[in-house]
$ cat protein_22.txt   # compact mmCIF, C-alpha atoms
# COMPACT_ATOMS: atom_id res chain seq x y z
CA MET A 1428 -5.37 -27.04 -19.89
CA THR A 1429 -1.72 -27.04 -18.85
CA ALA A 1430 0.30 -23.85 -18.68
CA GLU A 1431 2.50 -25.07 -21.52
CA THR A 1432 -0.51 -25.61 -23.78
CA LEU A 1433 -2.02 -22.25 -22.87
CA MET A 1434 1.24 -20.46 -23.52
CA ALA A 1435 1.70 -22.18 -26.88
CA GLU A 1436 -1.84 -21.18 -27.89
CA THR A 1437 -1.60 -17.64 -26.57
CA TRP A 1438 1.84 -16.36 -27.50
CA PRO A 1439 1.40 -16.29 -31.32
CA ARG A 1440 -1.49 -13.85 -30.83
CA TYR A 1441 0.99 -11.22 -29.62
CA SER A 1442 3.87 -9.38 -31.28
CA LEU A 1443 6.29 -10.25 -28.49
CA GLY A 1444 8.85 -12.39 -30.33
CA LYS A 1445 9.77 -15.98 -29.70
CA ILE A 1446 9.89 -17.32 -26.15
CA ARG A 1447 13.41 -17.99 -24.90
CA HIS A 1448 12.78 -18.97 -21.27
CA THR A 1449 9.92 -19.42 -18.78
CA GLN A 1450 9.91 -19.58 -14.99
CA ARG A 1451 7.01 -20.37 -12.67
CA LEU A 1452 6.57 -17.74 -9.96
CA GLN A 1453 5.48 -18.80 -6.51
CA GLN A 1454 3.50 -15.73 -5.46
CA GLY A 1455 -0.19 -15.58 -6.21
CA PHE A 1456 -3.15 -17.35 -4.62
CA ALA A 1457 -5.86 -17.02 -7.25
CA ASN A 1458 -3.55 -16.85 -10.26
CA GLU A 1459 -0.82 -18.95 -11.84
CA ASN A 1460 2.04 -16.68 -12.92
CA TYR A 1461 5.09 -17.20 -15.14
CA ARG A 1462 8.02 -14.97 -15.95
CA VAL A 1463 8.54 -15.21 -19.70
CA THR A 1464 11.68 -13.98 -21.44
CA SER A 1465 11.20 -13.45 -25.16
CA GLU A 1466 12.97 -11.72 -28.02
CA LYS A 1467 11.09 -8.52 -27.18
CA GLY A 1468 11.62 -8.39 -23.43
CA ILE A 1469 10.45 -9.88 -20.15
CA PHE A 1470 6.75 -10.44 -19.47
CA LEU A 1471 4.40 -11.94 -16.91
CA PHE A 1472 2.08 -14.64 -18.25
CA ARG A 1473 -0.99 -14.98 -16.02
CA ILE A 1474 -3.57 -17.77 -15.88
CA TYR A 1475 -6.66 -16.89 -13.87
CA ARG A 1476 -7.38 -20.31 -12.37
CA GLN A 1477 -10.10 -19.29 -9.90
CA GLN A 1478 -11.83 -16.17 -11.19
CA PRO A 1479 -14.72 -16.33 -13.67
CA VAL A 1480 -14.30 -14.65 -17.04
CA GLU A 1481 -16.87 -11.99 -16.09
CA HIS A 1482 -14.82 -10.81 -13.10
CA VAL A 1483 -11.54 -10.76 -15.01
CA THR A 1484 -13.17 -8.82 -17.86
CA LYS A 1485 -14.36 -6.20 -15.36
CA GLU A 1486 -10.89 -6.04 -13.84
CA HIS A 1487 -9.32 -5.39 -17.26
CA ARG A 1488 -11.84 -2.66 -18.01
CA MET A 1489 -11.07 -1.10 -14.64
CA LEU A 1490 -7.32 -1.30 -15.34
CA ALA A 1491 -7.87 0.59 -18.59
CA VAL A 1492 -9.37 3.41 -16.54
CA LEU A 1493 -6.37 3.39 -14.18
CA GLN A 1494 -4.04 3.51 -17.17
CA ALA A 1495 -5.89 6.53 -18.55
CA HIS A 1496 -5.33 8.24 -15.18
CA HIS A 1497 -1.59 7.37 -15.26
CA PHE A 1498 -1.97 5.36 -12.07
CA PRO A 1499 1.10 3.29 -11.13
CA SER A 1500 0.11 -0.31 -11.85
CA ALA A 1501 0.80 -3.15 -14.29
CA PHE A 1502 -1.42 -3.07 -17.35
CA PRO A 1503 -2.18 -6.01 -19.67
CA VAL A 1504 -0.44 -6.05 -23.05
CA PRO A 1505 -2.84 -5.94 -26.04
CA ASP A 1506 -2.55 -8.67 -28.66
CA LYS A 1507 -2.37 -8.08 -32.42
CA ASN A 1508 -6.12 -7.34 -32.45
CA GLY A 1509 -6.05 -5.02 -29.44
CA ASN A 1510 -7.46 -7.57 -26.97
CA THR A 1511 -5.96 -7.75 -23.49
CA LEU A 1512 -7.70 -10.96 -22.45
CA GLN A 1513 -7.63 -14.42 -24.03
CA VAL A 1514 -10.25 -16.98 -23.03
CA PHE A 1515 -9.91 -20.74 -23.46
CA GLY A 1516 -13.20 -22.33 -22.52
CA THR A 1517 -13.79 -20.74 -19.12
CA LEU A 1518 -10.11 -19.99 -18.46
CA PRO A 1519 -8.92 -16.36 -18.84
CA VAL A 1520 -5.27 -15.69 -19.74
CA ALA A 1521 -3.35 -12.40 -20.05
CA VAL A 1522 0.15 -11.04 -20.59
CA PHE A 1523 1.62 -8.16 -18.57
CA PRO A 1524 4.95 -6.35 -18.65
CA PHE A 1525 7.27 -7.80 -16.03
CA ILE A 1526 8.06 -5.14 -13.41
CA ALA A 1527 11.30 -5.88 -11.60
CA GLY A 1528 10.48 -4.69 -8.10
CA THR A 1529 10.45 -6.02 -4.57
CA ILE A 1530 8.07 -6.16 -1.62
CA PRO A 1531 8.84 -3.07 0.50
CA GLN A 1532 10.27 -2.73 3.95
CA LEU A 1533 7.75 -1.11 6.26
CA ASN A 1534 9.01 2.35 7.14
CA GLU A 1535 7.82 5.95 7.13
CA GLN A 1536 8.66 6.51 3.46
CA THR A 1537 7.05 3.38 2.01
CA THR A 1538 3.98 3.85 4.20
CA ALA A 1539 3.58 7.47 3.08
CA GLU A 1540 4.07 6.46 -0.59
CA ILE A 1541 1.28 3.92 -0.34
CA ALA A 1542 -1.03 6.31 1.51
CA ARG A 1543 -0.67 9.04 -1.11
CA THR A 1544 -1.16 6.59 -3.96
CA LEU A 1545 -4.23 5.09 -2.29
CA ALA A 1546 -5.67 8.60 -1.99
CA ARG A 1547 -5.04 9.03 -5.74
CA LEU A 1548 -6.98 5.83 -6.39
CA HIS A 1549 -9.85 7.11 -4.26
CA THR A 1550 -10.17 10.29 -6.33
CA ILE A 1551 -10.87 8.36 -9.57
CA PRO A 1552 -14.60 8.73 -10.35
CA PRO A 1553 -16.23 5.38 -9.50
CA GLY A 1554 -18.78 5.77 -12.29
CA THR A 1555 -15.99 5.29 -14.84
CA VAL A 1556 -15.30 1.68 -13.81
CA PRO A 1557 -17.53 -1.43 -13.94
CA PHE A 1558 -19.44 -1.91 -10.71
CA LYS A 1559 -18.27 -4.82 -8.58
CA GLU A 1560 -19.15 -5.54 -4.98
CA ASN A 1561 -16.54 -5.78 -2.25
CA VAL A 1562 -16.14 -9.48 -1.38
CA LEU A 1563 -15.43 -8.53 2.25
CA ALA A 1564 -18.28 -6.07 2.60
CA ALA A 1565 -20.11 -6.12 5.92
CA LYS A 1566 -23.08 -7.99 4.46
CA GLU A 1567 -20.73 -10.75 3.24
CA VAL A 1568 -19.15 -11.10 6.67
CA GLU A 1569 -22.63 -11.21 8.19
CA LYS A 1570 -23.62 -14.00 5.77
CA LEU A 1571 -20.64 -16.03 6.89
CA THR A 1572 -21.68 -15.86 10.53
CA THR A 1573 -24.95 -17.60 9.66
CA ARG A 1574 -22.95 -20.52 8.24
CA PHE A 1575 -20.74 -21.09 11.26
CA PRO A 1576 -20.93 -24.79 12.10
CA HIS A 1577 -21.57 -25.77 15.69
CA ARG A 1578 -20.58 -29.35 15.09
CA HIS A 1579 -16.82 -28.64 15.10
CA PRO A 1580 -15.67 -28.36 18.72
CA PHE A 1581 -12.15 -27.35 17.64
CA LEU A 1582 -13.61 -24.14 16.17
CA GLN A 1583 -16.01 -23.18 18.92
CA SER A 1584 -13.70 -20.79 20.80
CA VAL A 1585 -12.71 -19.10 17.52
CA ILE A 1586 -16.35 -18.72 16.49
CA ASN A 1587 -17.45 -17.42 19.90
CA ASN A 1588 -14.68 -14.79 19.89
CA PHE A 1589 -15.48 -13.74 16.32
CA LEU A 1590 -19.24 -13.47 16.98
CA ARG A 1591 -18.68 -11.38 20.11
CA GLN A 1592 -16.45 -8.90 18.31
CA TRP A 1593 -18.65 -8.78 15.21
CA LYS A 1594 -21.69 -7.97 17.38
CA GLU A 1595 -19.73 -5.12 19.00
CA THR A 1596 -18.49 -3.79 15.64
CA LYS A 1597 -21.65 -3.92 13.49
CA PRO A 1598 -23.34 -0.82 14.96
CA PHE A 1599 -20.44 1.34 13.73
CA LEU A 1600 -20.91 0.15 10.15
CA GLN A 1601 -24.36 1.68 9.69
CA GLU A 1602 -23.20 5.26 9.11
CA LYS A 1603 -23.12 6.57 5.54
CA LEU A 1604 -19.58 7.18 4.29
CA PRO A 1605 -17.97 8.33 1.03
CA THR A 1606 -17.76 5.46 -1.43
CA GLY A 1607 -15.67 4.84 -4.50
CA LEU A 1608 -13.15 2.59 -6.20
CA ILE A 1609 -11.22 0.42 -3.74
CA HIS A 1610 -8.34 -2.01 -4.19
CA GLY A 1611 -9.64 -4.18 -1.36
CA ASP A 1612 -6.42 -6.11 -0.76
CA LEU A 1613 -3.62 -3.55 -0.60
CA PHE A 1614 -0.88 -5.31 1.32
CA PRO A 1615 2.90 -5.14 0.83
CA ASP A 1616 2.91 -8.29 -1.33
CA ASN A 1617 0.58 -6.54 -3.77
CA THR A 1618 3.04 -3.71 -4.33
CA LEU A 1619 6.38 -3.40 -6.10
CA PHE A 1620 9.06 -1.02 -4.87
CA SER A 1621 12.59 -0.08 -5.86
CA ASP A 1622 14.34 0.84 -2.62
CA ASN A 1623 11.67 3.02 -0.99
CA GLN A 1624 10.05 4.22 -4.22
CA LEU A 1625 6.75 2.76 -5.36
CA LEU A 1626 6.79 1.27 -8.86
CA ALA A 1627 3.33 -0.28 -9.03
CA ILE A 1628 0.29 -1.43 -7.10
CA ILE A 1629 -0.76 -4.77 -8.56
CA ASP A 1630 -3.33 -7.56 -8.23
CA PHE A 1631 -6.65 -5.73 -8.40
CA GLU A 1632 -8.70 -8.95 -8.41
CA GLU A 1633 -10.56 -7.86 -5.28
CA TYR A 1634 -11.34 -4.35 -6.48
CA GLY A 1635 -14.82 -3.10 -5.82
CA ILE A 1636 -17.02 -0.10 -5.15
CA ASP A 1637 -17.42 0.40 -1.42
CA SER A 1638 -16.61 2.66 1.50
CA LEU A 1639 -13.25 4.37 0.97
CA LEU A 1640 -12.62 4.07 4.71
CA PHE A 1641 -12.76 0.28 4.34
CA ASP A 1642 -9.85 0.50 1.89
CA VAL A 1643 -7.93 2.90 4.11
CA ALA A 1644 -8.33 0.65 7.14
CA MET A 1645 -7.46 -2.52 5.22
CA THR A 1646 -4.32 -0.90 3.82
CA MET A 1647 -3.30 0.34 7.26
CA ASN A 1648 -3.64 -3.24 8.49
CA GLY A 1649 -1.09 -4.16 5.84
CA PHE A 1650 1.37 -1.28 6.21
CA CYS A 1651 1.11 -0.06 9.80
CA PHE A 1652 1.42 -3.26 11.86
CA MET A 1653 4.47 -5.28 12.84
CA ASP A 1654 4.34 -8.47 14.90
CA ASN A 1655 0.57 -7.96 15.06
CA GLN A 1656 0.99 -4.65 16.88
CA PRO A 1657 0.11 -1.20 15.49
CA GLN A 1658 3.13 1.01 14.85
CA LEU A 1659 2.00 4.47 15.89
CA ARG A 1660 4.69 6.29 13.88
CA LEU A 1661 3.57 4.47 10.73
CA LEU A 1662 -0.10 5.14 11.45
CA LYS A 1663 0.65 8.85 11.81
CA HIS A 1664 2.72 8.99 8.61
CA PHE A 1665 0.02 7.11 6.72
CA LEU A 1666 -2.80 9.41 7.83
CA LYS A 1667 -0.83 12.59 7.18
CA ALA A 1668 0.19 11.47 3.69
CA TYR A 1669 -3.30 10.27 2.76
CA GLU A 1670 -4.98 13.47 3.92
CA SER A 1671 -2.49 15.58 1.95
CA LEU A 1672 -4.47 14.46 -1.15
CA ARG A 1673 -7.87 13.48 0.22
CA PRO A 1674 -8.93 14.86 3.62
CA PHE A 1675 -11.22 12.65 5.70
CA THR A 1676 -14.74 13.68 6.54
CA VAL A 1677 -15.65 14.19 10.19
CA THR A 1678 -17.49 10.85 10.21
CA GLU A 1679 -14.54 9.01 8.66
CA LYS A 1680 -12.23 10.33 11.36
CA LYS A 1681 -14.69 9.21 14.03
CA LEU A 1682 -14.94 5.71 12.58
CA LEU A 1683 -11.29 5.05 11.70
CA PHE A 1684 -10.59 2.69 14.58
CA PRO A 1685 -13.90 0.82 14.36
CA TYR A 1686 -13.05 0.24 10.69
CA LEU A 1687 -9.56 -0.97 11.56
CA ARG A 1688 -11.29 -3.50 13.79
CA TYR A 1689 -13.85 -4.35 11.09
CA THR A 1690 -11.18 -4.99 8.45
CA ALA A 1691 -9.19 -7.23 10.81
CA LEU A 1692 -12.37 -9.24 11.37
CA ALA A 1693 -13.05 -9.27 7.63
CA MET A 1694 -9.61 -10.78 7.03
CA ALA A 1695 -10.31 -13.38 9.70
CA SER A 1696 -13.60 -14.18 7.96
CA TRP A 1697 -11.72 -14.81 4.69
CA HIS A 1698 -9.42 -17.33 6.38
CA LEU A 1699 -12.41 -18.99 8.00
CA ARG A 1700 -14.51 -19.14 4.82
CA TYR A 1701 -11.85 -20.53 2.50
CA HIS A 1702 -9.78 -22.60 4.90
CA LEU A 1703 -10.64 -23.21 8.52
CA LEU A 1704 -14.34 -23.96 8.08
CA GLN A 1705 -13.38 -26.64 5.55
CA ARG A 1706 -10.93 -28.59 7.70
CA PRO A 1707 -8.69 -28.27 10.78
CA ASP A 1708 -5.56 -26.31 9.90
CA THR A 1709 -3.09 -25.24 12.59
CA LYS A 1710 -1.50 -22.51 10.46
CA GLN A 1711 -4.85 -20.97 9.50
CA GLU A 1712 -6.13 -21.18 13.06
CA LYS A 1713 -3.05 -19.32 14.28
CA ARG A 1714 -3.60 -16.57 11.71
CA VAL A 1715 -7.27 -16.20 12.64
CA TRP A 1716 -6.36 -15.90 16.33
CA GLU A 1717 -3.78 -13.22 15.47
CA LEU A 1718 -6.41 -11.21 13.62
CA LEU A 1719 -8.96 -11.65 16.40
CA GLU A 1720 -6.41 -10.48 18.95
CA ARG A 1721 -5.58 -7.48 16.75
CA ALA A 1722 -9.26 -6.59 16.39
CA ASP A 1723 -9.87 -6.91 20.13
CA GLN A 1724 -7.01 -4.57 21.06
CA ILE A 1725 -6.99 -1.96 18.30
CA GLU A 1726 -9.31 0.70 19.72
CA LYS A 1727 -7.21 1.17 22.85
CA TYR A 1728 -4.65 2.93 20.62
CA ALA A 1729 -7.15 5.53 19.35
CA ASP A 1730 -6.18 8.13 21.96
CA TYR A 1731 -2.53 8.08 20.81
CA LEU A 1732 -3.30 9.59 17.38

$ encode --input "protein_22.txt" --output "structure tokens"
Amino acid sequence: MTAETLMAETWPRYSLGKIRHTQRLQQGFANENYRVTSEKGIFLFRIYRQQPVEHVTKEHRMLAVLQAHHFPSAFPVPDKNGNTLQVFGTLPVAVFPFIAGTIPQLNEQTTAEIARTLARLHTIPPGTVPFKENVLAAKEVEKLTTRFPHRHPFLQSVINNFLRQWKETKPFLQEKLPTGLIHGDLFPDNTLFSDNQLLAIIDFEEYGIDSLLFDVAMTMNGFCFMDNQPQLRLLKHFLKAYESLRPFTVTEKKLLFPYLRYTALAMASWHLRYHLLQRPDTKQEKRVWELLERADQIEKYADYL
């Protein structure tokens, strides 16, 4: 179904007034998003083009828990019957308030804001949200390595590098760590700021229940690196702010840098799985090499923290 048809079918179910203007937004990989101006305000109309209804339903139930905890995010608007999700065949659709914010500059203040808010997320009892596995969990990365094709010579050096680093990293992932609710994809483009103040963390499609250290390390990859290099001042601000709300265990501290390496490799595995293993792609290959280089160098910075 086209966006126009979906919007025409969906909008009368809400008490949001007549639509005055719509604008397609470019951001979003798994979703199709529109800014909708109506008589009652400005909203975001989202079509979940890639996720199954089951996953989106779990996400909405999880968002309801976040809302009950007054967590800064964007929450779906209920329709006249109290439903936050519309389903057309197998296509989920939802309406959110439009939050007028921007992607942040990376600095000490924005990094500390994110770290404290991530720690808040990690204190929400995981038993209150629907269970969902982390799509970049170690077992999923391991599965991918068994699918690496040897028939593509252009990929062989990438694959050899990845397999070497994954073999070196896996032993560190066996230790038992605190688990809980994770965002799984907390990067600057999944946040909205006004100046240096956080307005909302958005796009929880990849949420799951997994090691909290995985989420910490993934978020540090997003907020503590510039030009593919770790920024030690940002790393220090992040860790101090996070631990002001949730102190690390001894084991978490010991494994921080192995997990920074693991999450860089996990990101590389995502680009391989959904792009580079399908077809040659110069842009994707460059990104994978950046992540492999990051993973290979990260632990040498451990002594500086």

$ closest_residue --input "protein_22.txt" --among "A:Leu1600, A:Leu1613, A:Val1520, A:Val1562" --to "A:Ser1696" --atoms "all atoms listed in the file"
A:Val1562

$ closest_residue --input "protein_22.txt" --among "A:Glu1717, A:Glu1486, A:Glu1726, A:Glu1540" --to "A:Ala1627" --atoms "all atoms listed in the file"
A:Glu1540

$ atom_distance --input "protein_22.txt" --atom1 "atom CA of A:Gln1536" --atom2 "atom CA of A:Phe1650"
11.0 Å

$ closest_residue --input "protein_22.txt" --among "A:Arg1543, A:Asp1654, A:Leu1703, A:Thr1550" --to "A:Ile1586" --atoms "all atoms listed in the file"
A:Leu1703

$ closest_atom_pairs --input "protein_22.txt" --of "stretch 1672-1703 of chain A" --to "stretch 1545-1548 of chain A" --cutoff "12 Å" --atoms "all atoms listed in the file" --output "CSV"
residue,atom,partner,partner_atom,distance
A:Leu1672,CA,A:Ala1546,CA,6.0
A:Arg1673,CA,A:Ala1546,CA,5.8
A:Pro1674,CA,A:Ala1546,CA,9.0
A:Phe1675,CA,A:Ala1546,CA,10.3

$ residues_near_point --input "protein_22.txt" --point "(-8.3, -15.2, -5.6)" --cutoff "9 Å" --atoms "all atoms listed in the file" --output "list in words"
Gly1455, Phe1456, Ala1457, Asn1458, Tyr1475, Arg1476, Gln1477, Gln1478, Glu1632 and Glu1633 of chain A

$ residues_near_point --input "protein_22.txt" --point "(2.5, 1.7, -1.6)" --cutoff "12 Å" --atoms "only C-alpha atoms" --output "ChimeraX atom specification"
/A:1498-1500,1529-1548,1610,1612-1629,1643,1646-1647,1649-1651,1665,1668-1669

$ residues_around --input "protein_22.txt" --residues "A:Pro1519" --least-positions-apart "3" --cutoff "8 Å" --atoms "all atoms listed in the file" --output "list in words"
Ile1474, Tyr1475, Arg1476, Pro1479, Val1480, Val1483, Leu1512, Gln1513, Val1514 and Phe1515 of chain A

$ closest_atom_pairs --input "protein_22.txt" --of "stretch 1508-1566 of chain A" --to "stretch 1465-1472 of chain A" --cutoff "7 Å" --atoms "only C-alpha atoms" --output "JSON lines"
{"residue": "A:Ala1521", "atom": "CA", "partner": "A:Phe1472", "partner_atom": "CA", "distance": 6.1}
{"residue": "A:Val1522", "atom": "CA", "partner": "A:Phe1472", "partner_atom": "CA", "distance": 4.7}
{"residue": "A:Phe1523", "atom": "CA", "partner": "A:Leu1471", "partner_atom": "CA", "distance": 5.0}
{"residue": "A:Pro1524", "atom": "CA", "partner": "A:Phe1470", "partner_atom": "CA", "distance": 4.5}
{"residue": "A:Phe1525", "atom": "CA", "partner": "A:Phe1470", "partner_atom": "CA", "distance": 4.4}

$ residues_around --input "protein_22.txt" --residues "A:Thr1596" --least-positions-apart "2" --cutoff "12 Å" --atoms "all atoms listed in the file" --output "list of chain:residue names"
A:Ala1565, A:Val1568, A:Glu1569, A:Phe1589, A:Leu1590, A:Arg1591, A:Gln1592, A:Trp1593, A:Lys1594, A:Pro1598, A:Phe1599, A:Leu1600, A:Gln1601, A:Leu1682, A:Phe1684, A:Pro1685, A:Tyr1686, A:Leu1687, A:Arg1688, A:Tyr1689, A:Thr1690, A:Ala1691, A:Leu1692, A:Ala1693, A:Ala1722, A:Asp1723, A:Ile1725, A:Glu1726

$ write_last_selection --input "protein_22.txt" --atoms "C-alpha atoms" --output "PDB file, in the coordinates of the input"
ATOM      1  CA  ALA A1565     -20.110  -6.120   5.920  1.00  0.00           C
ATOM      2  CA  VAL A1568     -19.150 -11.100   6.670  1.00  0.00           C
ATOM      3  CA  GLU A1569     -22.630 -11.210   8.190  1.00  0.00           C
ATOM      4  CA  PHE A1589     -15.480 -13.740  16.320  1.00  0.00           C
ATOM      5  CA  LEU A1590     -19.240 -13.470  16.980  1.00  0.00           C
ATOM      6  CA  ARG A1591     -18.680 -11.380  20.110  1.00  0.00           C
ATOM      7  CA  GLN A1592     -16.450  -8.900  18.310  1.00  0.00           C
ATOM      8  CA  TRP A1593     -18.650  -8.780  15.210  1.00  0.00           C
ATOM      9  CA  LYS A1594     -21.690  -7.970  17.380  1.00  0.00           C
ATOM     10  CA  PRO A1598     -23.340  -0.820  14.960  1.00  0.00           C
ATOM     11  CA  PHE A1599     -20.440   1.340  13.730  1.00  0.00           C
ATOM     12  CA  LEU A1600     -20.910   0.150  10.150  1.00  0.00           C
ATOM     13  CA  GLN A1601     -24.360   1.680   9.690  1.00  0.00           C
ATOM     14  CA  LEU A1682     -14.940   5.710  12.580  1.00  0.00           C
ATOM     15  CA  PHE A1684     -10.590   2.690  14.580  1.00  0.00           C
ATOM     16  CA  PRO A1685     -13.900   0.820  14.360  1.00  0.00           C
ATOM     17  CA  TYR A1686     -13.050   0.240  10.690  1.00  0.00           C
ATOM     18  CA  LEU A1687      -9.560  -0.970  11.560  1.00  0.00           C
ATOM     19  CA  ARG A1688     -11.290  -3.500  13.790  1.00  0.00           C
ATOM     20  CA  TYR A1689     -13.850  -4.350  11.090  1.00  0.00           C
ATOM     21  CA  THR A1690     -11.180  -4.990   8.450  1.00  0.00           C
ATOM     22  CA  ALA A1691      -9.190  -7.230  10.810  1.00  0.00           C
ATOM     23  CA  LEU A1692     -12.370  -9.240  11.370  1.00  0.00           C
ATOM     24  CA  ALA A1693     -13.050  -9.270   7.630  1.00  0.00           C
ATOM     25  CA  ALA A1722      -9.260  -6.590  16.390  1.00  0.00           C
ATOM     26  CA  ASP A1723      -9.870  -6.910  20.130  1.00  0.00           C
ATOM     27  CA  ILE A1725      -6.990  -1.960  18.300  1.00  0.00           C
ATOM     28  CA  GLU A1726      -9.310   0.700  19.720  1.00  0.00           C
TER      29      GLU A1726
END

$ axis_aligned_box --input "protein_22.txt" --around "stretch 1624-1638 of chain A" --padding-each-side "3 Å" --output "JSON"
{"center_x": -3.7, "center_y": -2.4, "center_z": -3.8, "size_x": 33.5, "size_y": 19.2, "size_z": 16.5}

$ closest_residue --input "protein_22.txt" --among "A:His1487, A:Ile1551, A:Trp1438, A:Asn1561" --to "A:Asp1506" --atoms "all atoms listed in the file"
A:Trp1438

$ closest_residue --input "protein_22.txt" --among "A:Ala1495, A:Thr1464, A:Phe1558, A:Pro1580" --to "A:Gly1444" --atoms "only C-alpha atoms"
A:Thr1464

$ atom_distance --input "protein_22.txt" --atom1 "atom CA of A:Arg1473" --atom2 "atom CA of A:Asn1460"
4.7 Å

$ atom_distance --input "protein_22.txt" --atom1 "atom CA of A:Glu1560" --atom2 "atom CA of A:Leu1683"
21.3 Å

$ closest_residue --input "protein_22.txt" --among "A:Arg1706, A:Leu1563, A:Leu1608, A:Lys1667" --to "A:Met1694" --atoms "all atoms listed in the file"
A:Leu1563
